[in-house]
Every structure is written in structure tokens, then in C-alpha cells.
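The structure file data_34.txt is reproduced below (compact mmCIF, C-alpha atoms).
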# COMPACT_ATOMS: atom_id res chain seq x y z
CA MET W 120 1.72 -3.46 3.19
CA PRO W 121 3.32 -1.82 6.26
CA GLN W 122 -0.01 -1.04 7.92
CA SER W 123 -0.85 -4.75 8.04
CA VAL W 124 2.61 -5.82 9.29
CA LEU W 125 3.48 -3.10 11.79
CA ALA W 126 0.16 -3.58 13.51
CA PRO W 127 -1.29 -4.69 16.84
CA GLY W 128 -1.28 -8.45 17.28
CA ARG W 129 1.37 -9.17 14.63
CA VAL W 130 4.63 -10.79 15.71
CA ALA W 131 8.18 -9.45 15.29
CA VAL W 132 11.26 -11.65 15.67
CA VAL W 133 14.48 -9.71 16.23
CA THR W 134 18.02 -11.08 16.55
CA GLY W 135 20.68 -9.08 18.35
CA ALA W 136 17.78 -7.91 20.49
CA ALA W 137 19.49 -7.41 23.86
CA SER W 138 21.00 -4.01 23.08
CA GLY W 139 21.52 -1.28 20.53
CA ILE W 140 19.48 -1.15 17.35
CA GLY W 141 17.88 -4.53 18.02
CA LEU W 142 16.56 -3.51 21.43
CA ALA W 143 15.36 -0.16 20.12
CA ALA W 144 13.49 -2.00 17.36
CA CYS W 145 11.85 -4.37 19.86
CA LYS W 146 10.64 -1.44 21.95
CA ARG W 147 9.21 0.32 18.90
CA PHE W 148 7.45 -2.80 17.68
CA ALA W 149 6.02 -3.37 21.16
CA SER W 150 4.81 0.23 21.33
CA VAL W 151 2.65 -0.25 18.22
CA GLY W 152 1.04 -3.32 19.74
CA MET W 153 3.14 -6.08 18.22
CA LYS W 154 4.18 -9.20 20.07
CA VAL W 155 7.96 -9.53 20.18
CA CYS W 156 10.33 -12.49 20.13
CA MET W 157 13.78 -11.36 21.28
CA ALA W 158 16.86 -13.40 20.35
CA ASP W 159 20.46 -12.84 21.41
CA ILE W 160 23.46 -14.85 22.51
CA THR W 161 23.18 -14.29 26.27
CA GLN W 162 20.18 -15.24 28.39
CA GLU W 163 21.01 -12.79 31.20
CA GLU W 164 21.23 -9.74 28.93
CA LEU W 165 18.08 -10.81 27.10
CA SER W 166 16.14 -11.13 30.35
CA VAL W 167 17.15 -7.66 31.49
CA ALA W 168 16.38 -6.09 28.12
CA SER W 169 13.01 -7.81 27.86
CA GLU W 170 11.69 -6.03 30.94
CA GLY W 171 11.72 -2.71 29.14
CA VAL W 172 10.02 -4.25 26.12
CA ALA W 173 7.32 -5.97 28.18
CA ALA W 174 6.48 -2.66 29.82
CA LEU W 175 5.40 -1.35 26.41
CA THR W 176 3.20 -4.24 25.31
CA LYS W 177 -0.53 -4.66 25.78
CA ASN W 178 -0.25 -7.87 27.81
CA GLY W 179 3.14 -7.42 29.44
CA ARG W 180 5.27 -10.55 29.65
CA ASP W 181 2.67 -12.57 27.74
CA ASP W 182 3.54 -10.57 24.60
CA VAL W 183 7.31 -10.98 24.89
CA LEU W 184 9.36 -14.10 24.29
CA VAL W 185 13.12 -14.38 24.91
CA HIS W 186 15.21 -17.07 23.29
CA PRO W 187 19.03 -17.36 23.61
CA THR W 188 20.28 -17.85 20.07
CA ASP W 189 23.62 -18.18 18.30
CA VAL W 190 22.63 -17.02 14.82
CA GLY W 191 25.69 -18.69 13.33
CA LYS W 192 24.11 -22.07 14.14
CA LYS W 193 21.13 -22.98 11.98
CA ASP W 194 19.84 -25.37 14.65
CA ASP W 195 19.52 -22.40 17.02
CA LEU W 196 17.47 -20.54 14.42
CA GLU W 197 15.26 -23.60 13.95
CA SER W 198 14.64 -23.65 17.69
CA LEU W 199 13.87 -19.92 17.65
CA LYS W 200 11.41 -20.35 14.79
CA ASP W 201 9.66 -23.31 16.43
CA THR W 202 9.37 -21.45 19.73
CA ALA W 203 8.01 -18.30 18.08
CA TYR W 204 5.38 -20.19 16.10
CA ASN W 205 4.40 -22.48 18.98
CA THR W 206 3.98 -19.45 21.25
CA PHE W 207 2.46 -16.84 18.96
CA GLY W 208 1.27 -18.78 15.90
CA GLU W 209 2.79 -16.56 13.22
CA VAL W 210 5.61 -14.17 12.35
CA GLY W 211 4.90 -10.89 10.59
CA LEU W 212 8.35 -9.35 10.68
CA LEU W 213 11.80 -10.96 10.87
CA MET W 214 14.69 -8.61 11.62
CA ASN W 215 18.07 -10.27 11.10
CA ASN W 216 20.09 -7.76 13.09
CA ALA W 217 22.67 -9.69 15.14
CA ALA W 218 26.25 -8.64 14.42
CA THR W 219 29.77 -8.64 15.75
CA ARG W 220 32.47 -6.03 15.16
CA LEU W 221 35.24 -8.62 15.33
CA GLY W 222 37.22 -9.08 12.17
CA GLY W 223 40.60 -8.50 10.65
CA GLY W 224 42.70 -7.63 7.65
CA PRO W 225 42.95 -9.65 4.45
CA TRP W 226 45.45 -12.14 5.92
CA LYS W 227 45.14 -11.60 9.66
CA ASN W 228 42.94 -12.93 12.49
CA TYR W 229 41.60 -16.01 10.70
CA ALA W 230 39.56 -17.15 13.71
CA GLN W 231 37.89 -13.74 13.91
CA TRP W 232 37.11 -13.96 10.20
CA GLN W 233 35.23 -17.17 10.90
CA ASP W 234 33.30 -15.61 13.78
CA THR W 235 32.48 -12.49 11.77
CA LEU W 236 31.15 -14.41 8.78
CA ASN W 237 29.23 -16.84 10.99
CA VAL W 238 27.35 -14.05 12.75
CA ASN W 239 27.16 -11.20 10.25
CA MET W 240 26.63 -13.21 7.05
CA TRP W 241 25.44 -16.70 7.99
CA GLY W 242 23.23 -15.26 10.73
CA VAL W 243 21.21 -13.49 8.05
CA ILE W 244 21.17 -16.46 5.67
CA ASN W 245 20.25 -18.86 8.46
CA GLY W 246 17.42 -16.58 9.55
CA VAL W 247 15.89 -16.38 6.09
CA HIS W 248 16.31 -20.07 5.27
CA THR W 249 14.73 -21.02 8.57
CA PHE W 250 11.78 -18.63 8.70
CA MET W 251 10.94 -18.18 5.02
CA PRO W 252 9.10 -21.49 4.42
CA ALA W 253 6.80 -20.87 7.40
CA MET W 254 6.22 -17.24 6.47
CA LEU W 255 5.34 -18.22 2.90
CA GLU W 256 2.95 -20.86 4.18
CA GLN W 257 1.12 -18.25 6.25
CA GLY W 258 -0.01 -16.50 3.08
CA THR W 259 -0.04 -13.16 4.90
CA ARG W 260 1.78 -9.90 4.39
CA CYS W 261 5.21 -10.05 6.05
CA MET W 262 8.54 -8.23 6.09
CA ILE W 263 12.17 -9.26 6.41
CA VAL W 264 14.65 -6.58 7.49
CA ASN W 265 18.36 -7.40 7.22
CA THR W 266 20.83 -5.04 8.89
CA GLY W 267 23.75 -4.18 6.65
CA SER W 268 26.37 -1.44 6.92
CA LYS W 269 27.84 1.37 4.86
CA GLN W 270 31.11 -0.50 5.20
CA GLY W 271 29.59 -3.20 3.02
CA ILE W 272 29.06 -0.59 0.30
CA THR W 273 32.11 1.69 0.38
CA ASN W 274 34.56 -0.85 1.90
CA PRO W 275 36.78 1.43 4.02
CA PRO W 276 40.17 0.01 5.04
CA GLY W 277 40.65 -1.33 8.56
CA ASN W 278 38.28 -4.28 9.00
CA THR W 279 38.10 -6.27 5.80
CA ALA W 280 36.28 -9.19 7.41
CA TYR W 281 33.43 -6.98 8.58
CA ASN W 282 33.22 -5.28 5.18
CA VAL W 283 33.07 -8.62 3.37
CA ALA W 284 30.30 -9.91 5.62
CA LYS W 285 28.19 -6.78 5.26
CA ALA W 286 28.76 -6.64 1.50
CA ALA W 287 27.42 -10.17 1.38
CA VAL W 288 24.33 -9.10 3.34
CA LYS W 289 23.68 -6.37 0.76
CA ALA W 290 24.02 -8.74 -2.19
CA TYR W 291 21.97 -11.43 -0.46
CA THR W 292 19.13 -9.08 0.48
CA GLU W 293 18.97 -7.65 -3.05
CA GLY W 294 18.69 -11.16 -4.44
CA LEU W 295 16.12 -12.07 -1.82
CA GLN W 296 13.87 -9.12 -2.67
CA HIS W 297 14.06 -9.93 -6.37
CA GLU W 298 12.97 -13.53 -5.75
CA LEU W 299 10.15 -12.41 -3.47
CA ARG W 300 8.71 -9.91 -5.94
CA THR W 301 8.81 -12.46 -8.78
CA THR W 302 7.19 -15.28 -6.77
CA ASP W 303 3.49 -15.59 -7.61
CA GLY W 304 1.22 -14.84 -4.70
CA CYS W 305 4.05 -13.88 -2.36
CA GLN W 306 3.17 -11.11 0.08
CA ILE W 307 6.61 -10.86 1.72
CA THR W 308 9.01 -7.97 1.14
CA ALA W 309 12.69 -7.68 2.05
CA HIS W 310 14.46 -4.49 3.17
CA LEU W 311 18.11 -3.55 3.75
CA LEU W 312 18.74 -1.37 6.80
CA VAL W 313 22.04 0.51 6.55
CA PRO W 314 22.74 2.39 9.79
CA GLY W 315 25.09 5.31 10.03
CA TRP W 316 27.49 5.86 12.92
CA THR W 317 25.45 4.59 15.86
CA THR W 318 26.20 4.19 19.56
CA THR W 319 25.43 0.53 20.27
CA GLY W 320 26.16 -2.03 22.93
CA LYS W 321 28.29 -0.75 25.77
CA ARG W 322 30.20 1.80 23.71
CA GLU W 323 30.52 5.31 25.07
CA HIS W 324 28.44 7.78 23.09
CA GLN W 325 30.52 10.03 20.87
CA PRO W 326 29.55 13.41 19.40
CA GLY W 327 28.32 12.88 15.86
CA ALA W 328 26.93 9.40 16.46
CA TRP W 329 23.24 8.65 16.46
CA MET W 330 21.40 6.77 19.16
CA PRO W 331 19.60 3.53 18.19
CA ASP W 332 16.16 5.13 18.53
CA GLN W 333 17.05 7.57 15.75
CA VAL W 334 17.92 4.68 13.45
CA ILE W 335 14.58 3.04 14.21
CA ASP W 336 12.77 6.31 13.45
CA VAL W 337 14.27 6.18 9.96
CA LEU W 338 13.52 2.46 9.65
CA ILE W 339 9.83 2.79 10.49
CA ASP W 340 9.31 5.75 8.15
CA ALA W 341 11.07 3.90 5.33
CA LEU W 342 9.09 0.69 5.86
CA GLN W 343 5.88 2.71 5.73
CA ARG W 344 6.99 4.08 2.35
CA GLY W 345 7.97 0.62 1.15
CA ASP W 346 11.66 1.51 0.65
CA PHE W 347 14.16 -1.29 0.04
CA TYR W 348 17.39 0.63 0.75
CA ILE W 349 17.16 2.31 4.14
CA ILE W 350 20.39 4.32 4.46
CA CYS W 351 20.63 6.30 7.69
CA PRO W 352 22.62 9.49 8.13
CA ASP W 353 24.04 10.57 11.48
CA ASP W 354 25.14 13.86 13.00
CA ASP W 355 28.54 13.55 11.31
CA VAL W 356 27.60 12.45 7.78
CA THR W 357 24.68 13.89 5.82
CA PRO W 358 22.62 11.98 3.24
CA GLU W 359 24.30 14.07 0.53
CA MET W 360 27.74 12.97 1.73
CA ASP W 361 26.62 9.34 1.82
CA HIS W 362 25.44 9.62 -1.78
CA LYS W 363 28.76 11.08 -2.93
CA ARG W 364 30.80 8.43 -1.12
CA ILE W 365 28.72 5.65 -2.65
CA LEU W 366 29.00 7.18 -6.13
CA TRP W 367 32.76 7.62 -5.75
CA ALA W 368 33.15 3.98 -4.75
CA ALA W 369 31.20 2.90 -7.84
CA GLY W 370 33.37 5.22 -9.92
CA ASP W 371 36.46 3.19 -9.06
CA LEU W 372 35.06 0.44 -11.30
CA VAL W 373 33.64 2.66 -14.02
CA ASP W 374 36.71 4.92 -14.29
CA ASN W 375 39.26 2.14 -13.64
CA ARG W 376 40.78 3.90 -10.66
CA PRO W 377 42.89 2.04 -8.08
CA ALA W 378 40.89 0.02 -5.56
CA LEU W 379 39.60 2.14 -2.68
CA SER W 380 40.88 5.30 -4.35
CA ARG W 381 39.04 7.39 -1.78
CA TRP W 382 41.90 6.52 0.57
CA HIS W 383 44.66 6.66 -2.09
CA PRO W 384 46.92 9.73 -1.66
CA ASP W 385 47.04 10.34 -5.41
CA TYR W 386 43.25 10.83 -5.44
CA ALA W 387 42.84 12.87 -2.26
CA ASP W 388 42.35 16.17 -4.08
CA ALA W 389 39.99 14.68 -6.63
CA PHE W 390 37.80 13.14 -3.95
CA GLU W 391 37.77 16.37 -1.94
CA LYS W 392 36.55 18.29 -5.00
CA PHE W 393 33.98 15.60 -5.80
CA SER W 394 32.59 15.56 -2.27
CA ALA W 395 32.54 19.33 -1.75

Is it possible to give me this structure as C-alpha cells?
Amino acid sequence: MPQSVLAPGRVAVVTGAASGIGLAACKRFASVGMKVCMADITQEELSVASEGVAALTKNGRDDVLVHPTDVGKKDDLESLKDTAYNTFGEVGLLMNNAATRLGGGPWKNYAQWQDTLNVNMWGVINGVHTFMPAMLEQGTRCMIVNTGSKQGITNPPGNTAYNVAKAAVKAYTEGLQHELRTTDGCQITAHLLVPGWTTTGKREHQPGAWMPDQVIDVLIDALQRGDFYIICPDDDVTPEMDHKRILWAAGDLVDNRPALSRWHPDYADAFEKFSA
């Protein structure tokens, strides 16, 4: 499967492509000979980012398409899909990566809740609903990569809106992959990318964080293995620690502990022993 998707001449569509993980993905796809359709909210940032991508492609600018897109608006995704197919004729890989860190607590920042869900959740759903019929009609091997977050799995306090949106992406992508693998003749697979602490956008790099290229290294290796869950460590949290945090979060349900007991003072010692 991956050899025929991550291959010269195939087409990758990436949202949130102007910076961070999305831009790193575009550069990697270009470097293996793929044509790349870059989508993001701002034309100026897209244009600047696309220069570095075009420098890696076989045919330069002819292999790179930029398309300003608000992923929270399905009409924008329809325009992106039409442009990609009219220009390149097919799509081999769709990476629903656009995200915002805006959000808020359970009863605060209602407008930011709307923005967060529109981009982080509906952006993924809109992407799949828009591209899936055309990708199925192609009858070729294809991939869909949705970018989630560890916060959508362990739900740490501080930004409930973001957690809710990313938890929805996890549940949605799991359901998507199940439907794909039980659809006769379907050659499309879905994958959930779960980055660790990553320096993205214009944020200052902090010790312990990974750079976007490191995340894409893990992504490509995992896609080549056919993994569904692609959980990235960083220089602060090891894979073993990720596993223990995820298991502890699940244990809240199984053992009937208080919600988010990892951050409950009465369970601090127990969690420390569990994670040692």
C-alpha cells in the first residue's frame, strides 16, 4: 500500500500547509516525487511556504498548487478538491492537518469554542466528506491522514475545547478506518497522527520539543508499516511514558476513579508509582 501512494507522480493534499507539521509534510512528499496541493487560511503565507516545496519537486512550480482554504467551510474544501483534481487529475493522499490552539474552559470563551470545533473537528470531517467520493471513484490505493493530539486521548485540564475537538478527531478517524476496511473493493486506508510536543508556527523552540521534521519522520515510517495509530514521542516524553499516561486515563473508567485523576491531589502518589 504505502509504496504505491508515497510514490513519484502521486498527489498529496495537505491542509494547514503553510507552517509546522503541514509544511514539513509537504516538503517530504515533494522530496519523494509527489505533486503537492497546499491549503491554508492565508494566501501570503502559503505563497512563501510553497517556494521551499517547489524547490524539492521534479518540475518545480508545476508540481505545486496553493489554495487558500478555510477548512471550517465545506464550500472551501469543495473548491480545493475541484482545483486539485482539475490540475493534477487525482489525489493519492489527503492530510487533514489544519488546527488552531484557540479554545477555552467548559463554560468560557464560547466564540473560541466555535472556532476550535470548526477548524479542528469540522475541518477533518469536511475534508473527508469532500474528497472521499472522488477518491473512491478513482479505484486506486489512497491514504487519509488526520492529525489528532494526545490531548484528545488523555484530556489534560486547561483547554477543554481543544481536547474535545481532538477527541472527536480520534473517534471519527477510528470509525472512518473501520468503514473503509469493511467496504468491498476499497483501497483507501485512514491513519491517526498524534504528535508529541512540537514546535510549530511562530512559537519559539523550547528544550524538549520536537521539530516538525521529526514528526514527519515518524509518520512516514508508520505509514510504510501500515500503522493506524501514529503516536509520536518527543525529547520530554518517551513512548513508555505515553503508554502509561494513556493506560492511566483508561483506568479512570475501569477503576471508577474521579475524572482526570492524574491531576487529582488524592491520586498523585498512585500515579507517580504507576508511571515510575

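Proximity to range 186-191 of chain W at 7 Å, evaluated using all atoms listed in the file and with sequence-adjacent residues fewer than 5 positions away removed, yields Met157, Ala158, Asp159, Ile160, Thr161, Gln162, Leu196, Leu199, Asn237, Val238, Trp241 and Gly242 of chain W.
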
Check your understanding: What does the distance between CA of Val172 in chain W and CA of Arg147 in chain W come to in Å, to one decimal place?
Key ->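 It comes out at 8.6 Å.
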
Check your understanding: Within 7 Å of Cys305 in chain W, counting all atoms listed in the file, which residues qualify if same-chain residues fewer than 3 places away don't, as a list in words?
Key -> Leu255, Leu299 and Thr302 of chain W

Check your understanding: Can you tell me, as a PyMOL selection string, which residues sit within 10 Å of (-1.6, -7.8, 20.7) in the file's frame, using all atoms listed in the file?
Key -> chain W and resi 126-130+149+151-155+176-179+181-182

Can you write out as CSV which residues of range 182-289 of chain W fall within 12 Å of range 310-318 of chain W, alongside each residue's closest atom pair and its distance in Å to one decimal, counting only C-alpha atoms and ordering rows by chain and ascending residue number?
residue,atom,partner,partner_atom,distance
W:Leu212,CA,W:His310,CA,10.8
W:Leu213,CA,W:His310,CA,10.4
W:Met214,CA,W:His310,CA,9.4
W:Asn215,CA,W:Leu312,CA,9.9
W:Asn216,CA,W:Leu312,CA,9.1
W:Val243,CA,W:Leu311,CA,11.3
W:Cys261,CA,W:His310,CA,11.2
W:Met262,CA,W:His310,CA,7.6
W:Ile263,CA,W:His310,CA,6.2
W:Val264,CA,W:His310,CA,4.8
W:Asn265,CA,W:Leu311,CA,5.2
W:Thr266,CA,W:Leu312,CA,4.7
W:Gly267,CA,W:Val313,CA,5.0
W:Ser268,CA,W:Val313,CA,4.8
W:Lys269,CA,W:Val313,CA,6.1
W:Gln270,CA,W:Val313,CA,9.2
W:Gly271,CA,W:Val313,CA,9.1
W:Ile272,CA,W:Val313,CA,9.5
W:Thr273,CA,W:Val313,CA,11.9
W:Lys285,CA,W:Val313,CA,9.6
W:Ala286,CA,W:Val313,CA,11.0
W:Ala287,CA,W:Leu311,CA,11.7
W:Val288,CA,W:Leu311,CA,8.3
W:Lys289,CA,W:Leu311,CA,6.9

Exercise for review: Using only C-alpha atoms, find the one residue out of W:Met240, W:Leu184, W:Ala395, W:Ala131 that sits nearest to Ala218 in chain W.
Suggested key: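 Smallest separation from Ala218 in chain W among the options: W:Met240.
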
Review point. Taking into account all atoms listed in the file, which residue in the set W:Tyr281, W:Leu142, W:Leu175, W:Phe347 is nearest to Gly294 in chain W?
Key: W:Phe347

Review point. CA of Leu338 in chain W to CA of Cys351 in chain W: how many Å, to one decimal?
Key: 8.3 Å

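Among the candidates W:Val247, W:Asn205, W:Pro252, W:Pro358, the residue lying nearest to Ala309 in chain W is W:Val247 (atoms considered: all atoms listed in the file).
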
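Between CA of Asp346 in chain W and CA of Leu295 in chain W the interatomic distance comes to 14.5 Å.
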
Practice item. Can you pull out every residue within 7 Å of Asp353 in chain W, counting only C-alpha atoms, but drop anything in the same chain fewer than 3 positions away, and send it as a ChimeraX atom specification? Key: /W:315-316,327-329,356-357

**Study point:** Which residue of W:Tyr291, W:Tyr204, W:Tyr348, W:Phe393 approaches Val132 in chain W most closely, using only C-alpha atoms
**Key:**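 So, comparing all the options, the nearest one is W:Tyr204.
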
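Within 10 Å of range 365-378 of chain W, once all atoms listed in the file are used and residues closer than 4 positions along the same chain are dropped, the contacting residues are Lys269, Ile272, Thr273, Asn274, Pro275, Met360, Asp361, Trp382, His383, Asp385, Tyr386, Phe390, Phe393 and Ser394 of chain W.
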
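With distances restricted to only C-alpha atoms, W:Ala280 is the closest residue to Ala230 in chain W from W:Met330, W:Ile349, W:Val210, W:Ala280.
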
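The shell of residues at most 9 Å from Thr319 in chain W, with all atoms listed in the file counted and near chain neighbours (fewer than 5 positions) removed, consists of W:Ser138, W:Gly139, W:Ile140, W:His324, W:Met330, W:Pro331.
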
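Among the candidates W:Glu298, W:Asp234, W:Glu391, W:Glu197, the residue lying nearest to Arg364 in chain W is W:Glu391 (atoms considered: only C-alpha atoms).
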